[in-house]
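First the structure, in the form of structure tokens, and then the observations on it.
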Amino acid sequence: MKNIDLKQLVISFFLGIGLCCITMPPIMAQEDIVEDSSPSQSLYQYSVVARSYGDSIVLRWLPQDAGVWRLASHYGWRISRIKTNAEFDANPADSSIDVVLTPTPIRALTLEEMKAKYDSTHFYVGVAAQALYGESYYNPQEANGFENYVFRKDQEQTQRQMMAYLAAEGHIDAADALGLRFVDKNVKKGEIYSYFLECLIPSDIVQMPIKTLDVENLPFKRDNNLLVPEILFYQNSPHTAFIYWAKNKLSGYYVERSEDNGKSWKALNDAPIFAYEPDQETYEVFGQTIGEILEGNVGTFDSLELNKKYLYRVKAFDAFGDYTPVQQSEPFEMADLIPPCVPVLDFVIPEDNKICYLEWYMETQDKDLKGFVVTFSDDPSGPWVEASELLPPKTRKWTDKNAHDRGRGYYRVFAVDNSNNVSYSLSQSNNIEDDVAPSAPKNLGGAVDTAGVVYLQWNQNPEKDVIGYRVYFANQLDHDFIQKTSQCNDELYFWDTLSLHTLTKYIYYYVVAEDYSHNMSKPSDTLAIPVPDIVPPGIALLQDYTQTDESVTFTWLQSVSNDVVAYVVYRKKDNEMQWKAIRIITPKELEPDMPFFLTDYPDPSPVNYNYCIEVFDNSRLSSGKTGQTTVRFRGASIINIPLSLKGSMNKNKTCAELTFSYEYPSKSDYYGVVFKSVNGEPAYACGSFRRGETSFSDCNVSSGDKVTYHIQMFLGKGKRSQKSDPVQITIK
């Protein structure tokens, strides 16, 4: 046998079998063959399988542990078989129930025996010899500590075991040389035989189980799982294709190629190709597509030429060294993935800022060149849009008559061949002066928070040459707008701050877009943003008040604030803690810029009454309670007089109509007061009537309110009537 360096053998063997990364010998995956069925509790295991041929039965086995494999190669294996009836009849004196088929244990051949029995060029036996007897390729001096030494030696033994098993898969001579195969020819067709396989390693070294197999000796029939599947193709580069087929129960494959429609064949691999499971490194080296193909297939790469048809055929062997029929592929031809020669864009010349002249050339023109397409982009990195139709292959010039409309940008010339492969030139600027302004920005929106921070945002302009935006503001619509941004801002939002100590209700903004040529767009729609109100309203100044024995009348000046929503008048006695609202007056009840008044008719009391007023604006801010005034009513005599009160809505349903009657025979002058309560609020004087009047109209009403009225007569000299019974009107 020729001497082979084991370390180089491992590397070259893996390279030779293509994409192989076996972690478990292929024989373990066989399912069509008879396996042992004996239970075992041993720590160390081995597998044994058998195949019948009618005239013989072949057994194959292998230990799972590398150390057990090395020991078993030395101590050997014993195979026995339960005697058949014919064997008992032939020798009745022998009462033993089994016959030893291997009186001499089956051991691996020594290196000298391998050299004597097999030719030195026998590749698989050479691999087996180097795996079992080759010098160690691991240098102990490389060890970094005892643990590392043990790990590296175990790794080497595992690799030796794997190489030996692959050699045994590849050829029956290697399996025989390694002592991993036995052929029983003393059998009859149709008989069932029971075999026992025993490892002869002493039990004080390793406890190994005895395996049993029952085999019916029928001629071997190959099913679809032991045939080469359909051959498929994937072209992964202009000159390289991956030839592959589905994984099944076969062990190794040989691939041949024909370039003359099957008249002659060329082998593509000397060592067999084995199936394997791709790992992360497979994807990194061969790419995503090849990695995914290898998940369920096995194959090899081949370098091919264009415009040429190829045939492939694959033959394979199984764990018993039996070869399959050849599987031949359909004809395969490489697709043209080679792009045309790259065009060179020589110059781009504008004229009158309206059109552009382009000219280009090619070092060589491909025979399958279909033509050229001129493209345009606003950016030198694309994306590119077709500016021309497909131009004939001999075209080297083109005029862009729409250059001005395209604006400033870049050209690139694409070359296209008949297989739609493309190449393209470098980009060149069109040197067109851009005098077209961008469109006005759209959908400007914003808000101001209570801290005075303004946030604006808007949509991006559709023009690709817009470099940014400028923001303008004003405090009033009729003021000049001032630029708020110090420079062009390329964001689609803007932050601003403003002082909230102002009477201004709104702050106004608009945005202008700017392009690379500094063309400015028209302003966006002006946005009016409400300014949060933190300034309280001005007070209602008490101008005057007058008092009688029965009432008090206050006159106030209206607040100077223009966002007042209500004036609230309060009253309380000296011995009371809380103010009570007795009247809410809204601005719509008042004459603009005119003083307003309130007359109150409190019940007589020995305790002083106190009055004040509070102003609220539409931000619910308060002026505070101001204008406090103290009034005392000594008391009045209550005289019972006949009173009646009725109420209804008028025909137009816009006013409440009251009718009443009273009887008081006195020559002194007297008058009556109409009191009103809305939705259960405190009653207040909403009007008065003179002696003799019997009706009153209240048009200051709102739909949906429930209004309650009563009247009271004021008779003079501190006298007043009792209050009438109330009437309630629902305003519709």
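We name chains A, B, ... following the order of the structure tokens; residues begin at 1 in each chain, and ligands are numbered from 1 as shown.
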
Selection near A:Ala316, 9 Å with only C-alpha atoms, sequence-local residues under 3 positions removed, as JSON, numbers by chain
{"A": [226, 227, 228, 250, 251, 252, 253, 254, 255, 272, 322, 323, 324, 325, 326]}

Create the file for the chosen residues now, containing C-alpha atoms and written as an mmCIF file, in the first residue's frame.
data_model
loop_
_atom_site.group_PDB
_atom_site.id
_atom_site.type_symbol
_atom_site.label_atom_id
_atom_site.label_comp_id
_atom_site.auth_asym_id
_atom_site.auth_seq_id
_atom_site.Cartn_x
_atom_site.Cartn_y
_atom_site.Cartn_z
ATOM 1 C CA LEU A 226 -32.633 2.629 -3.399
ATOM 2 C CA LEU A 227 -32.712 4.227 -6.854
ATOM 3 C CA VAL A 228 -31.217 7.550 -7.911
ATOM 4 C CA LEU A 250 -28.335 5.368 -0.906
ATOM 5 C CA SER A 251 -24.832 5.921 0.430
ATOM 6 C CA GLY A 252 -22.579 7.471 -2.228
ATOM 7 C CA TYR A 253 -22.889 8.798 -5.767
ATOM 8 C CA TYR A 254 -20.780 9.104 -8.922
ATOM 9 C CA VAL A 255 -21.649 11.693 -11.559
ATOM 10 C CA PRO A 272 -18.116 9.385 -4.079
ATOM 11 C CA ASP A 322 -24.420 -2.775 -4.402
ATOM 12 C CA TYR A 323 -24.657 -0.276 -7.257
ATOM 13 C CA THR A 324 -27.894 1.141 -8.636
ATOM 14 C CA PRO A 325 -28.894 1.392 -12.283
ATOM 15 C CA VAL A 326 -27.729 4.630 -13.888
#

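Residues with any atom within 8 Å of A:Pro219, counting only C-alpha atoms and excluding same-chain neighbours fewer than 4 positions away, are A:Ser52, A:Tyr53, A:Gly54, A:Asp55, A:Lys189.
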
Only N, CA and C atoms, please: the residues just picked out, written as a CSV table (one decimal), in the first residue's frame.
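The resulting file, again_11.csv, is shown below:
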chain,number,residue,atom,x,y,z
A,52,SER,N,-30.2,-10.2,2.2
A,52,SER,CA,-30.2,-11.5,1.6
A,52,SER,C,-30.3,-11.4,0.0
A,53,TYR,N,-29.6,-12.4,-0.6
A,53,TYR,CA,-29.6,-12.4,-2.1
A,53,TYR,C,-30.2,-13.7,-2.7
A,54,GLY,N,-30.6,-14.6,-1.9
A,54,GLY,CA,-31.1,-15.9,-2.4
A,54,GLY,C,-30.0,-16.9,-2.3
A,55,ASP,N,-28.8,-16.6,-2.8
A,55,ASP,CA,-27.7,-17.5,-2.7
A,55,ASP,C,-26.7,-17.2,-1.6
A,189,LYS,N,-32.3,-20.8,-0.5
A,189,LYS,CA,-33.3,-19.8,-0.8
A,189,LYS,C,-34.6,-20.1,-0.1

All residues 12 Å or closer to stretch 186-188 of chain A, only C-alpha atoms, same chain fewer than 3 positions away omitted, as a PyMOL selection string
chain A and resi 52-58+81+83-84+86-87+99+101+183+191-194+215-219

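Among the candidates A:Arg222, A:Lys247, A:Lys706, A:Lys367, the residue lying nearest to A:Ser419 is A:Lys367 (atoms considered: only C-alpha atoms).
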
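Excluding A:Asp515 and any residue on its chain fewer than 4 positions from it, the residues at most 10 Å away by only C-alpha atoms are Asp434, Asp435, Val436, Ala437, Pro438, Glu463, Lys464, Asp465, Val466, Ile467, Gly468, Tyr469, Cys488, Asn519, Met520 and Ser521 of chain A.
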
Residue among A:Gln547, A:Ile201, A:Val471, A:Phe675 lying closest to A:Asp525, counting only C-alpha atoms
A:Val471

Pick out the residues sitting within 12 Å of A:Tyr312, and hand them over as a short mmCIF file (atom, residue, chain, number, x, y, z; two decimals) with all heavy atoms, in the first residue's frame; count only C-alpha atoms, and ignore anything fewer than 2 positions along from it in its own chain.
data_model
loop_
_atom_site.label_atom_id
_atom_site.label_comp_id
_atom_site.auth_asym_id
_atom_site.auth_seq_id
_atom_site.Cartn_x
_atom_site.Cartn_y
_atom_site.Cartn_z
N GLU A 230 -34.77 11.72 -9.72
CA GLU A 230 -34.65 12.59 -10.89
C GLU A 230 -33.55 13.63 -10.68
O GLU A 230 -33.41 14.21 -9.60
CB GLU A 230 -35.98 13.28 -11.15
CG GLU A 230 -35.96 14.24 -12.34
CD GLU A 230 -37.25 15.03 -12.48
OE1 GLU A 230 -38.12 14.87 -11.59
OE2 GLU A 230 -37.39 15.79 -13.44
N ILE A 231 -32.79 13.88 -11.73
CA ILE A 231 -31.68 14.83 -11.67
C ILE A 231 -32.20 16.22 -12.04
O ILE A 231 -32.85 16.40 -13.07
CB ILE A 231 -30.54 14.40 -12.62
CG1 ILE A 231 -30.03 13.01 -12.24
CG2 ILE A 231 -29.41 15.42 -12.59
CD1 ILE A 231 -29.05 12.43 -13.22
N LEU A 232 -31.88 17.20 -11.19
CA LEU A 232 -32.34 18.57 -11.38
C LEU A 232 -31.15 19.50 -11.48
O LEU A 232 -30.01 19.13 -11.18
CB LEU A 232 -33.24 18.98 -10.20
CG LEU A 232 -34.45 18.08 -9.92
CD1 LEU A 232 -35.14 18.48 -8.64
CD2 LEU A 232 -35.41 18.10 -11.10
N PHE A 233 -31.45 20.77 -11.89
CA PHE A 233 -30.37 21.73 -12.14
C PHE A 233 -30.73 23.09 -11.55
O PHE A 233 -31.89 23.50 -11.53
CB PHE A 233 -30.13 21.91 -13.65
CG PHE A 233 -29.77 20.64 -14.35
CD1 PHE A 233 -30.77 19.84 -14.93
CD2 PHE A 233 -28.46 20.21 -14.44
CE1 PHE A 233 -30.45 18.67 -15.57
CE2 PHE A 233 -28.13 19.04 -15.09
CZ PHE A 233 -29.13 18.27 -15.66
N PHE A 242 -25.43 23.88 -10.47
CA PHE A 242 -25.45 22.89 -9.40
C PHE A 242 -26.36 21.76 -9.84
O PHE A 242 -27.54 21.98 -10.12
CB PHE A 242 -25.95 23.52 -8.10
CG PHE A 242 -25.80 22.62 -6.91
CD1 PHE A 242 -24.56 22.22 -6.46
CD2 PHE A 242 -26.93 22.16 -6.24
CE1 PHE A 242 -24.42 21.40 -5.36
CE2 PHE A 242 -26.81 21.33 -5.14
CZ PHE A 242 -25.54 20.95 -4.70
N ILE A 243 -25.81 20.55 -9.94
CA ILE A 243 -26.56 19.37 -10.36
C ILE A 243 -26.93 18.62 -9.09
O ILE A 243 -26.06 18.28 -8.27
CB ILE A 243 -25.73 18.49 -11.30
CG1 ILE A 243 -25.37 19.27 -12.58
CG2 ILE A 243 -26.50 17.23 -11.67
CD1 ILE A 243 -24.07 20.00 -12.51
N TYR A 244 -28.22 18.33 -8.89
CA TYR A 244 -28.63 17.74 -7.61
C TYR A 244 -29.82 16.81 -7.80
O TYR A 244 -30.50 16.82 -8.83
CB TYR A 244 -28.97 18.83 -6.60
CG TYR A 244 -30.17 19.68 -6.95
CD1 TYR A 244 -31.42 19.40 -6.42
CD2 TYR A 244 -30.05 20.77 -7.82
CE1 TYR A 244 -32.53 20.18 -6.73
CE2 TYR A 244 -31.15 21.56 -8.13
CZ TYR A 244 -32.38 21.26 -7.59
OH TYR A 244 -33.47 22.02 -7.89
N TRP A 245 -30.06 16.00 -6.77
CA TRP A 245 -31.17 15.05 -6.74
C TRP A 245 -31.56 14.83 -5.28
O TRP A 245 -30.79 15.15 -4.36
CB TRP A 245 -30.78 13.73 -7.41
CG TRP A 245 -29.48 13.17 -6.87
CD1 TRP A 245 -29.33 12.28 -5.87
CD2 TRP A 245 -28.16 13.53 -7.32
NE1 TRP A 245 -28.00 12.04 -5.64
CE2 TRP A 245 -27.25 12.80 -6.52
CE3 TRP A 245 -27.67 14.39 -8.31
CZ2 TRP A 245 -25.88 12.89 -6.68
CZ3 TRP A 245 -26.30 14.49 -8.46
CH2 TRP A 245 -25.41 13.75 -7.67
N TYR A 254 -21.75 8.72 -7.90
CA TYR A 254 -20.78 9.10 -8.92
C TYR A 254 -21.53 9.79 -10.05
O TYR A 254 -22.59 9.34 -10.47
CB TYR A 254 -20.02 7.88 -9.46
CG TYR A 254 -19.07 7.27 -8.45
CD1 TYR A 254 -19.49 6.22 -7.65
CD2 TYR A 254 -17.77 7.76 -8.31
CE1 TYR A 254 -18.63 5.65 -6.72
CE2 TYR A 254 -16.90 7.19 -7.38
CZ TYR A 254 -17.33 6.14 -6.59
OH TYR A 254 -16.47 5.60 -5.68
N VAL A 255 -20.98 10.89 -10.54
CA VAL A 255 -21.65 11.69 -11.56
C VAL A 255 -20.79 11.72 -12.82
O VAL A 255 -19.56 11.90 -12.74
CB VAL A 255 -21.88 13.13 -11.06
CG1 VAL A 255 -22.66 13.94 -12.09
CG2 VAL A 255 -22.62 13.12 -9.73
N GLU A 256 -21.45 11.58 -13.97
CA GLU A 256 -20.77 11.67 -15.27
C GLU A 256 -21.51 12.67 -16.15
O GLU A 256 -22.72 12.88 -15.99
CB GLU A 256 -20.73 10.30 -15.95
CG GLU A 256 -19.91 9.26 -15.21
CD GLU A 256 -19.92 7.91 -15.91
OE1 GLU A 256 -21.00 7.52 -16.40
OE2 GLU A 256 -18.87 7.26 -15.97
N ARG A 257 -20.77 13.25 -17.08
CA ARG A 257 -21.34 14.26 -17.97
C ARG A 257 -21.02 13.91 -19.42
O ARG A 257 -19.93 13.43 -19.73
CB ARG A 257 -20.75 15.63 -17.64
CG ARG A 257 -21.33 16.78 -18.47
CD ARG A 257 -20.56 18.06 -18.20
NE ARG A 257 -19.22 17.99 -18.75
CZ ARG A 257 -18.19 18.70 -18.30
NH1 ARG A 257 -18.35 19.52 -17.27
NH2 ARG A 257 -17.00 18.59 -18.85
N SER A 258 -22.00 14.18 -20.31
CA SER A 258 -21.79 13.96 -21.75
C SER A 258 -22.05 15.27 -22.48
O SER A 258 -23.02 15.97 -22.19
CB SER A 258 -22.73 12.87 -22.27
OG SER A 258 -22.64 12.77 -23.68
N GLU A 259 -21.19 15.57 -23.44
CA GLU A 259 -21.34 16.78 -24.25
C GLU A 259 -21.70 16.44 -25.69
O GLU A 259 -21.79 17.33 -26.54
CB GLU A 259 -20.05 17.60 -24.21
CG GLU A 259 -19.64 18.02 -22.81
CD GLU A 259 -18.31 18.76 -22.78
OE1 GLU A 259 -17.87 19.20 -23.88
OE2 GLU A 259 -17.72 18.91 -21.70
N ASP A 260 -21.90 15.13 -25.98
CA ASP A 260 -22.21 14.70 -27.35
C ASP A 260 -23.46 13.83 -27.38
O ASP A 260 -23.51 12.83 -28.09
CB ASP A 260 -21.01 13.96 -27.97
CG ASP A 260 -20.54 12.81 -27.11
OD1 ASP A 260 -21.25 12.47 -26.12
OD2 ASP A 260 -19.48 12.24 -27.40
N ASN A 261 -24.43 14.22 -26.56
CA ASN A 261 -25.73 13.55 -26.54
C ASN A 261 -25.61 12.08 -26.15
O ASN A 261 -26.34 11.22 -26.66
CB ASN A 261 -26.43 13.68 -27.89
CG ASN A 261 -27.93 13.44 -27.79
OD1 ASN A 261 -28.53 13.68 -26.74
ND2 ASN A 261 -28.53 12.97 -28.87
N GLY A 262 -24.71 11.77 -25.22
CA GLY A 262 -24.62 10.44 -24.66
C GLY A 262 -23.67 9.49 -25.37
O GLY A 262 -23.57 8.33 -24.98
N LYS A 263 -22.95 9.96 -26.36
CA LYS A 263 -22.01 9.08 -27.05
C LYS A 263 -20.79 8.78 -26.19
O LYS A 263 -20.23 7.69 -26.23
CB LYS A 263 -21.59 9.70 -28.38
CG LYS A 263 -22.74 9.85 -29.37
CD LYS A 263 -22.26 10.51 -30.67
CE LYS A 263 -23.43 10.68 -31.66
NZ LYS A 263 -22.98 11.35 -32.90
N SER A 264 -20.34 9.74 -25.45
CA SER A 264 -19.20 9.56 -24.56
C SER A 264 -19.50 10.27 -23.24
O SER A 264 -20.26 11.23 -23.20
CB SER A 264 -17.91 10.11 -25.18
OG SER A 264 -18.03 11.51 -25.43
N TRP A 265 -18.85 9.76 -22.17
CA TRP A 265 -19.12 10.30 -20.82
C TRP A 265 -17.81 10.59 -20.11
O TRP A 265 -16.83 9.88 -20.28
CB TRP A 265 -19.95 9.32 -20.00
CG TRP A 265 -21.32 9.08 -20.58
CD1 TRP A 265 -21.66 8.15 -21.52
CD2 TRP A 265 -22.50 9.82 -20.26
NE1 TRP A 265 -23.00 8.25 -21.82
CE2 TRP A 265 -23.55 9.26 -21.05
CE3 TRP A 265 -22.80 10.86 -19.40
CZ2 TRP A 265 -24.85 9.73 -21.00
CZ3 TRP A 265 -24.09 11.32 -19.34
CH2 TRP A 265 -25.10 10.77 -20.13
N LYS A 266 -17.84 11.64 -19.28
CA LYS A 266 -16.67 12.03 -18.50
C LYS A 266 -17.06 12.03 -17.02
O LYS A 266 -18.05 12.65 -16.63
CB LYS A 266 -16.20 13.43 -18.91
CG LYS A 266 -15.04 13.95 -18.07
CD LYS A 266 -14.68 15.37 -18.47
CE LYS A 266 -13.57 15.91 -17.57
NZ LYS A 266 -13.21 17.31 -17.91
N ALA A 267 -16.25 11.31 -16.21
CA ALA A 267 -16.53 11.27 -14.77
C ALA A 267 -16.19 12.62 -14.14
O ALA A 267 -15.14 13.21 -14.42
CB ALA A 267 -15.71 10.16 -14.12
N LEU A 268 -17.08 13.09 -13.26
CA LEU A 268 -16.86 14.37 -12.57
C LEU A 268 -16.24 14.20 -11.19
O LEU A 268 -15.73 15.17 -10.62
CB LEU A 268 -18.18 15.13 -12.43
CG LEU A 268 -18.89 15.54 -13.73
CD1 LEU A 268 -20.09 16.41 -13.41
CD2 LEU A 268 -17.93 16.27 -14.67
N GLY A 299 -25.75 16.91 -4.20
CA GLY A 299 -25.35 17.26 -5.56
C GLY A 299 -23.93 17.76 -5.63
O GLY A 299 -23.15 17.66 -4.66
N THR A 300 -23.59 18.33 -6.78
CA THR A 300 -22.23 18.81 -7.02
C THR A 300 -22.28 19.96 -8.02
O THR A 300 -23.25 20.11 -8.78
CB THR A 300 -21.34 17.68 -7.55
OG1 THR A 300 -19.99 18.15 -7.66
CG2 THR A 300 -21.80 17.22 -8.94
N ASP A 302 -20.70 22.14 -11.34
CA ASP A 302 -20.00 21.87 -12.60
C ASP A 302 -19.89 23.18 -13.38
O ASP A 302 -20.82 24.00 -13.37
CB ASP A 302 -20.76 20.83 -13.42
CG ASP A 302 -19.90 20.24 -14.53
OD1 ASP A 302 -18.67 20.48 -14.51
OD2 ASP A 302 -20.45 19.56 -15.40
N LYS A 309 -25.50 21.86 -25.13
CA LYS A 309 -26.38 20.99 -24.38
C LYS A 309 -25.57 19.89 -23.68
O LYS A 309 -24.64 19.34 -24.25
CB LYS A 309 -27.43 20.36 -25.30
CG LYS A 309 -28.47 21.36 -25.79
CD LYS A 309 -29.58 20.67 -26.56
CE LYS A 309 -30.64 21.69 -27.00
NZ LYS A 309 -31.74 21.03 -27.74
N TYR A 310 -25.99 19.59 -22.45
CA TYR A 310 -25.28 18.61 -21.63
C TYR A 310 -26.27 17.56 -21.13
O TYR A 310 -27.45 17.84 -20.91
CB TYR A 310 -24.62 19.27 -20.42
CG TYR A 310 -23.55 20.28 -20.78
CD1 TYR A 310 -23.87 21.62 -20.95
CD2 TYR A 310 -22.23 19.88 -20.92
CE1 TYR A 310 -22.90 22.55 -21.27
CE2 TYR A 310 -21.24 20.81 -21.23
CZ TYR A 310 -21.58 22.14 -21.41
OH TYR A 310 -20.60 23.05 -21.72
N VAL A 314 -26.10 9.58 -13.16
CA VAL A 314 -25.63 9.33 -11.80
C VAL A 314 -25.83 7.86 -11.48
O VAL A 314 -26.89 7.30 -11.74
CB VAL A 314 -26.40 10.22 -10.79
CG1 VAL A 314 -25.95 9.91 -9.36
CG2 VAL A 314 -26.22 11.69 -11.10
N LYS A 315 -24.80 7.26 -10.91
CA LYS A 315 -24.92 5.91 -10.34
C LYS A 315 -24.53 6.00 -8.87
O LYS A 315 -23.77 6.88 -8.46
CB LYS A 315 -24.05 4.90 -11.08
CG LYS A 315 -22.56 5.18 -11.02
CD LYS A 315 -21.78 4.11 -11.77
CE LYS A 315 -20.27 4.40 -11.74
NZ LYS A 315 -19.49 3.36 -12.43
N VAL A 326 -28.08 3.24 -13.61
CA VAL A 326 -27.73 4.63 -13.89
C VAL A 326 -29.00 5.44 -14.12
O VAL A 326 -29.91 5.01 -14.81
CB VAL A 326 -26.81 4.71 -15.12
CG1 VAL A 326 -26.61 6.17 -15.54
CG2 VAL A 326 -25.46 4.09 -14.81
N GLN A 327 -29.05 6.63 -13.52
CA GLN A 327 -30.15 7.58 -13.75
C GLN A 327 -29.63 8.69 -14.66
O GLN A 327 -28.64 9.35 -14.36
CB GLN A 327 -30.62 8.19 -12.43
CG GLN A 327 -31.62 9.32 -12.57
CD GLN A 327 -32.98 8.86 -13.01
OE1 GLN A 327 -33.21 8.67 -14.22
NE2 GLN A 327 -33.88 8.65 -12.07
N GLN A 328 -30.28 8.89 -15.80
CA GLN A 328 -29.84 9.90 -16.76
C GLN A 328 -30.78 11.10 -16.72
O GLN A 328 -31.99 10.97 -16.55
CB GLN A 328 -29.79 9.31 -18.17
CG GLN A 328 -29.24 10.28 -19.22
CD GLN A 328 -28.98 9.60 -20.55
OE1 GLN A 328 -28.31 8.58 -20.59
NE2 GLN A 328 -29.49 10.18 -21.62
N SER A 329 -30.20 12.30 -16.88
CA SER A 329 -30.98 13.54 -16.82
C SER A 329 -31.56 13.90 -18.18
O SER A 329 -31.20 13.32 -19.21
CB SER A 329 -30.08 14.69 -16.35
OG SER A 329 -29.18 15.05 -17.39
N GLU A 330 -32.45 14.84 -18.17
CA GLU A 330 -32.89 15.48 -19.39
C GLU A 330 -31.78 16.41 -19.88
O GLU A 330 -30.91 16.82 -19.11
CB GLU A 330 -34.16 16.30 -19.13
CG GLU A 330 -35.38 15.47 -18.75
CD GLU A 330 -35.85 14.58 -19.88
OE1 GLU A 330 -35.71 15.00 -21.05
OE2 GLU A 330 -36.34 13.47 -19.60
N PRO A 331 -31.77 16.78 -21.15
CA PRO A 331 -30.73 17.71 -21.65
C PRO A 331 -30.80 19.04 -20.90
O PRO A 331 -31.87 19.55 -20.58
CB PRO A 331 -31.07 17.86 -23.13
CG PRO A 331 -31.86 16.64 -23.48
CD PRO A 331 -32.63 16.28 -22.26
N PHE A 332 -29.64 19.60 -20.63
CA PHE A 332 -29.56 20.87 -19.90
C PHE A 332 -28.67 21.84 -20.67
O PHE A 332 -27.61 21.46 -21.17
CB PHE A 332 -28.98 20.65 -18.50
CG PHE A 332 -28.72 21.93 -17.76
CD1 PHE A 332 -29.77 22.69 -17.27
CD2 PHE A 332 -27.42 22.39 -17.58
CE1 PHE A 332 -29.53 23.87 -16.58
CE2 PHE A 332 -27.18 23.57 -16.90
CZ PHE A 332 -28.24 24.32 -16.41
N GLU A 333 -29.14 23.09 -20.75
CA GLU A 333 -28.37 24.14 -21.43
C GLU A 333 -28.32 25.37 -20.53
O GLU A 333 -29.33 25.78 -19.96
CB GLU A 333 -29.01 24.49 -22.77
CG GLU A 333 -28.19 25.48 -23.60
CD GLU A 333 -28.77 25.71 -24.99
OE1 GLU A 333 -29.73 24.98 -25.34
OE2 GLU A 333 -28.27 26.60 -25.69
#

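Minimum distance to A:Phe696 across A:Ser524, A:Thr395, A:Gln365, A:Ser661 (counting only C-alpha atoms) occurs at A:Ser661.
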